[in-house]
Amino acid sequence: MRLIDGHTHVASTHFIPTEFMDGIVDNMMEQMHLSPVPVARERAMARLLAGYQDHDADIQVREMDKLGIEKSVLLLPDFTYALKGNAYTVDEMFARHWHILQRHPGRFEVFAGVDPRWGRDGLSTFQRGVEQYGFRGLKLYPPCGYQADDPALTPFYEYCQEHHLPVLLHTGPTSPVLAFGPAVPMHVDGPARRYTNISFILAHGAVNYQEECVNLCRYRPNVYLDLSGAQWSAANLLHLADFLKLFSNGINHKIIFGTDWPINKYHLNSTMIDLLRSEDQGRTRVPAREAQLILAGNIERILAKVRVARPAADGAAA
């Protein structure tokens with residue numbers, strides 16, 4: 001079956017602020033209480049940062065090839081309003097992602113993030129990303145301090161509504177330096193009702209607030225969820241039943257394969273993929289046609305709705 005990764009990032013410290021990583025390491029250090037071998041914080045941080053030096057996504061493409069992933073959606077969250085220690089401005093990160101698209105033609109799509117509190121300047125930046133760089137969606141990160149139904153998002157939604165651009169939103173917990181409360185999926189209900197040309201994708205919806213996400217997908221025609229984070233459940237016998245139960249909710253046309261974390265360790269997702277392709281007592285766990293929708297077809301259908309011309313190769317609008 002074909003594979004398209006609908007949720008990933010460039011493994012680069014150029015796009016993830018140091019403060020975000022500090023929070024991840026804080027949790028890692030707490031987990032060390034379960035380990036008989038202590039690790040110094042500096043060593044843990046160095047080990048984490050070592051995996052985030054793939055600034056041009058060259059390693060990522062090689063890892064995609066190993067697993068047979070033909071294309072990935074790169075998500076670019078905007079942390080710059082909420083966190084310090086960003087290596088680049090939003091404009092610079094947009095330009096760097098356009099460079100990656102040019103470096104690896106046909107292998108990536110970009111959903112670009114802009115914090116809505118940047119106002120008109122932020123909207124102009126997002127529009128430039130779509131019209132000049134060829135980005136194909138909006139990435140929102142509510143833990144930075146806003147909700148999916150924040151009025152500041154209205155001009156962004158109106159632009160996405162006009163051009164049928166998808167919006168992917170983080171749901172649930174993240175680095176402990178950010179707020180978890182704004183990332184509750186039900187905040188998308190109002191926007192999904194008003195902006196019917198937008199496909200809203202609930203990132204991590206297979207594992208965070210699963211029941212709420214499933215109900216939104218079942219009853220809102222334009223709401224989807226992705227599998228990012230579910231690789232841990234798929235590989236753990238204690239959680240395997242919960243993972244497989246997801247595919248019996250009648251929303252397999254709304255589920256999108258995605259990996260997210262840890263970036264560039266695609267072998268950790270092979271169990272999840274194999275379960276979607278495999279049989280149990282002579283019967284497929286997920287009907288083959290539905291499995292193909294999950295692994296590639298659903299995100300392709302969303303991308304095919306976009307109504308913005310591809311830009312010229314030099315980054316100027318066509």
# chains A, B, ... in the order shown; residues from 1 in each chain; ligands from 1

$ residues_around --residues "region 262-278 of chain A" --least-positions-apart "5" --cutoff "10 Å" --atoms "only C-alpha atoms" --output "PyMOL selection string"
chain A and resi 1+3+8-12+48+51-52+54+57+59-67+69+227-236+240+243-244+247+257+283-288+290-292+294-295

$ residues_around --residues "Arg194 (chain A)" --least-positions-apart "5" --cutoff "12 Å" --atoms "only C-alpha atoms" --output "ChimeraX atom specification"
/A:149,154,157-158,161,188-189,199-200,220-222

$ atom_distance --atom1 "CA of Tyr195 (chain A)" --atom2 "CA of Gly258 (chain A)"
24.2 Å

$ residues_around --residues "Ala152 (chain A)" --least-positions-apart "6" --cutoff "9 Å" --atoms "only C-alpha atoms" --output "MDAnalysis selection string"
chainID A and resid 116:117 119 146

$ closest_atom_pairs --of "region 92-168 of chain A" --to "region 178-181 of chain A" --cutoff "12 Å" --atoms "only C-alpha atoms" --output "JSON lines"
{"residue": "A:Tyr141", "atom": "CA", "partner": "A:Leu178", "partner_atom": "CA", "distance": 10.1}
{"residue": "A:Pro142", "atom": "CA", "partner": "A:Ala179", "partner_atom": "CA", "distance": 8.2}
{"residue": "A:Pro143", "atom": "CA", "partner": "A:Ala179", "partner_atom": "CA", "distance": 4.7}
{"residue": "A:Cys144", "atom": "CA", "partner": "A:Leu178", "partner_atom": "CA", "distance": 6.0}
{"residue": "A:Gly145", "atom": "CA", "partner": "A:Ala179", "partner_atom": "CA", "distance": 6.6}
{"residue": "A:Tyr146", "atom": "CA", "partner": "A:Ala179", "partner_atom": "CA", "distance": 9.3}
{"residue": "A:Gln147", "atom": "CA", "partner": "A:Gly181", "partner_atom": "CA", "distance": 8.7}
{"residue": "A:Ala148", "atom": "CA", "partner": "A:Gly181", "partner_atom": "CA", "distance": 11.5}

$ select_by_dssp --residues "region 90-318 of chain A" --states "helix (DSSP H, G or I)" --output "JSON, numbers by chain"
{"A": [90, 91, 92, 93, 94, 95, 96, 97, 98, 99, 100, 101, 102, 103, 116, 117, 118, 119, 120, 121, 122, 123, 124, 125, 126, 127, 128, 129, 130, 131, 142, 143, 144, 151, 152, 153, 154, 155, 156, 157, 158, 159, 160, 161, 162, 163, 181, 182, 183, 185, 186, 187, 188, 189, 190, 191, 192, 193, 194, 210, 211, 212, 213, 214, 215, 216, 217, 218, 219, 231, 232, 233, 234, 240, 241, 242, 243, 244, 245, 246, 247, 248, 252, 253, 254, 266, 267, 268, 269, 270, 271, 272, 273, 274, 275, 276, 277, 288, 289, 290, 291, 292, 293, 294, 295, 296, 297, 298, 299, 300, 301, 302, 303, 304]}

$ select_by_dssp --residues "region 74-311 of chain A" --states "strand (DSSP E or B)" --output "number ranges by chain"
A: 74-76, 108-113, 137-140, 167-170, 200-203, 223-226, 255-256, 279-280, 283-284

$ write_last_selection --atoms "N, CA and C atoms" --output "PDB file, in the first residue's frame"
ATOM      1  N   LEU A  74       5.149  18.436   6.138  1.00  0.00           N
ATOM      2  CA  LEU A  74       5.981  19.087   7.141  1.00  0.00           C
ATOM      3  C   LEU A  74       5.155  20.157   7.857  1.00  0.00           C
ATOM      4  N   LEU A  75       5.095  20.070   9.160  1.00  0.00           N
ATOM      5  CA  LEU A  75       4.372  21.043   9.965  1.00  0.00           C
ATOM      6  C   LEU A  75       5.370  22.022  10.575  1.00  0.00           C
ATOM      7  N   LEU A  76       5.068  23.302  10.458  1.00  0.00           N
ATOM      8  CA  LEU A  76       5.944  24.340  10.986  1.00  0.00           C
ATOM      9  C   LEU A  76       5.180  25.146  12.031  1.00  0.00           C
ATOM     10  N   PHE A 108       7.647  16.644  -0.187  1.00  0.00           N
ATOM     11  CA  PHE A 108       7.033  17.284   0.965  1.00  0.00           C
ATOM     12  C   PHE A 108       5.920  18.243   0.553  1.00  0.00           C
ATOM     13  N   GLU A 109       4.962  18.412   1.473  1.00  0.00           N
ATOM     14  CA  GLU A 109       4.057  19.548   1.482  1.00  0.00           C
ATOM     15  C   GLU A 109       4.271  20.248   2.826  1.00  0.00           C
ATOM     16  N   VAL A 110       3.977  21.544   2.890  1.00  0.00           N
ATOM     17  CA  VAL A 110       4.186  22.295   4.124  1.00  0.00           C
ATOM     18  C   VAL A 110       2.865  22.904   4.596  1.00  0.00           C
ATOM     19  N   PHE A 111       2.537  22.665   5.866  1.00  0.00           N
ATOM     20  CA  PHE A 111       1.478  23.391   6.561  1.00  0.00           C
ATOM     21  C   PHE A 111       2.202  24.359   7.496  1.00  0.00           C
ATOM     22  N   ALA A 112       2.056  25.646   7.262  1.00  0.00           N
ATOM     23  CA  ALA A 112       2.854  26.647   7.958  1.00  0.00           C
ATOM     24  C   ALA A 112       2.082  27.256   9.126  1.00  0.00           C
ATOM     25  N   GLY A 113       2.794  27.500  10.218  1.00  0.00           N
ATOM     26  CA  GLY A 113       2.176  28.047  11.413  1.00  0.00           C
ATOM     27  C   GLY A 113       2.417  29.536  11.571  1.00  0.00           C
ATOM     28  N   GLY A 137      -1.320  24.491   3.725  1.00  0.00           N
ATOM     29  CA  GLY A 137      -2.216  24.451   4.865  1.00  0.00           C
ATOM     30  C   GLY A 137      -1.703  25.298   6.006  1.00  0.00           C
ATOM     31  N   LEU A 138      -2.548  25.455   7.037  1.00  0.00           N
ATOM     32  CA  LEU A 138      -2.235  26.243   8.222  1.00  0.00           C
ATOM     33  C   LEU A 138      -2.016  25.299   9.401  1.00  0.00           C
ATOM     34  N   LYS A 139      -0.925  25.498  10.120  1.00  0.00           N
ATOM     35  CA  LYS A 139      -0.610  24.724  11.317  1.00  0.00           C
ATOM     36  C   LYS A 139      -0.808  25.608  12.540  1.00  0.00           C
ATOM     37  N   LEU A 140      -1.686  25.219  13.455  1.00  0.00           N
ATOM     38  CA  LEU A 140      -1.945  25.986  14.668  1.00  0.00           C
ATOM     39  C   LEU A 140      -1.454  25.227  15.894  1.00  0.00           C
ATOM     40  N   VAL A 167      -6.550  23.019   7.912  1.00  0.00           N
ATOM     41  CA  VAL A 167      -5.990  23.552   9.156  1.00  0.00           C
ATOM     42  C   VAL A 167      -5.716  22.384  10.091  1.00  0.00           C
ATOM     43  N   LEU A 168      -4.471  22.214  10.487  1.00  0.00           N
ATOM     44  CA  LEU A 168      -4.103  21.149  11.414  1.00  0.00           C
ATOM     45  C   LEU A 168      -3.769  21.766  12.769  1.00  0.00           C
ATOM     46  N   LEU A 169      -4.431  21.253  13.831  1.00  0.00           N
ATOM     47  CA  LEU A 169      -4.277  21.818  15.166  1.00  0.00           C
ATOM     48  C   LEU A 169      -3.724  20.773  16.125  1.00  0.00           C
ATOM     49  N   HIS A 170      -2.768  21.190  16.933  1.00  0.00           N
ATOM     50  CA  HIS A 170      -2.281  20.326  18.010  1.00  0.00           C
ATOM     51  C   HIS A 170      -3.382  20.159  19.056  1.00  0.00           C
ATOM     52  N   PHE A 200     -10.460  20.423   9.003  1.00  0.00           N
ATOM     53  CA  PHE A 200      -9.777  20.581  10.284  1.00  0.00           C
ATOM     54  C   PHE A 200      -9.222  19.226  10.724  1.00  0.00           C
ATOM     55  N   ILE A 201      -7.921  19.159  10.960  1.00  0.00           N
ATOM     56  CA  ILE A 201      -7.261  17.912  11.349  1.00  0.00           C
ATOM     57  C   ILE A 201      -6.822  18.021  12.802  1.00  0.00           C
ATOM     58  N   LEU A 202      -7.319  17.124  13.646  1.00  0.00           N
ATOM     59  CA  LEU A 202      -6.969  17.104  15.063  1.00  0.00           C
ATOM     60  C   LEU A 202      -5.725  16.246  15.242  1.00  0.00           C
ATOM     61  N   ALA A 203      -4.584  16.922  15.396  1.00  0.00           N
ATOM     62  CA  ALA A 203      -3.332  16.192  15.570  1.00  0.00           C
ATOM     63  C   ALA A 203      -3.349  15.428  16.884  1.00  0.00           C
ATOM     64  N   VAL A 223     -14.100  17.416   9.821  1.00  0.00           N
ATOM     65  CA  VAL A 223     -13.136  17.209  10.900  1.00  0.00           C
ATOM     66  C   VAL A 223     -12.497  15.833  10.758  1.00  0.00           C
ATOM     67  N   TYR A 224     -11.176  15.794  10.911  1.00  0.00           N
ATOM     68  CA  TYR A 224     -10.378  14.577  10.771  1.00  0.00           C
ATOM     69  C   TYR A 224      -9.469  14.458  11.998  1.00  0.00           C
ATOM     70  N   LEU A 225      -8.847  13.299  12.181  1.00  0.00           N
ATOM     71  CA  LEU A 225      -7.819  13.142  13.213  1.00  0.00           C
ATOM     72  C   LEU A 225      -6.633  12.396  12.617  1.00  0.00           C
ATOM     73  N   ASP A 226      -5.475  12.535  13.270  1.00  0.00           N
ATOM     74  CA  ASP A 226      -4.315  11.788  12.778  1.00  0.00           C
ATOM     75  C   ASP A 226      -3.791  10.818  13.828  1.00  0.00           C
ATOM     76  N   ILE A 255      -9.385   9.251   9.213  1.00  0.00           N
ATOM     77  CA  ILE A 255      -8.143   9.010   9.953  1.00  0.00           C
ATOM     78  C   ILE A 255      -6.947   9.149   9.012  1.00  0.00           C
ATOM     79  N   ILE A 256      -5.921   9.854   9.478  1.00  0.00           N
ATOM     80  CA  ILE A 256      -4.742  10.145   8.654  1.00  0.00           C
ATOM     81  C   ILE A 256      -3.502   9.578   9.316  1.00  0.00           C
ATOM     82  N   GLU A 279      -3.395  -9.344   8.846  1.00  0.00           N
ATOM     83  CA  GLU A 279      -4.592 -10.147   9.076  1.00  0.00           C
ATOM     84  C   GLU A 279      -4.576 -10.717  10.494  1.00  0.00           C
ATOM     85  N   ASP A 280      -5.756 -11.004  11.012  1.00  0.00           N
ATOM     86  CA  ASP A 280      -5.902 -11.662  12.304  1.00  0.00           C
ATOM     87  C   ASP A 280      -6.880 -12.807  12.120  1.00  0.00           C
ATOM     88  N   ARG A 283      -8.459 -12.791   8.689  1.00  0.00           N
ATOM     89  CA  ARG A 283      -9.244 -11.622   8.286  1.00  0.00           C
ATOM     90  C   ARG A 283      -8.408 -10.362   8.488  1.00  0.00           C
ATOM     91  N   THR A 284      -8.530  -9.431   7.558  1.00  0.00           N
ATOM     92  CA  THR A 284      -7.784  -8.184   7.707  1.00  0.00           C
ATOM     93  C   THR A 284      -8.314  -7.421   8.913  1.00  0.00           C
TER      94      THR A 284
END
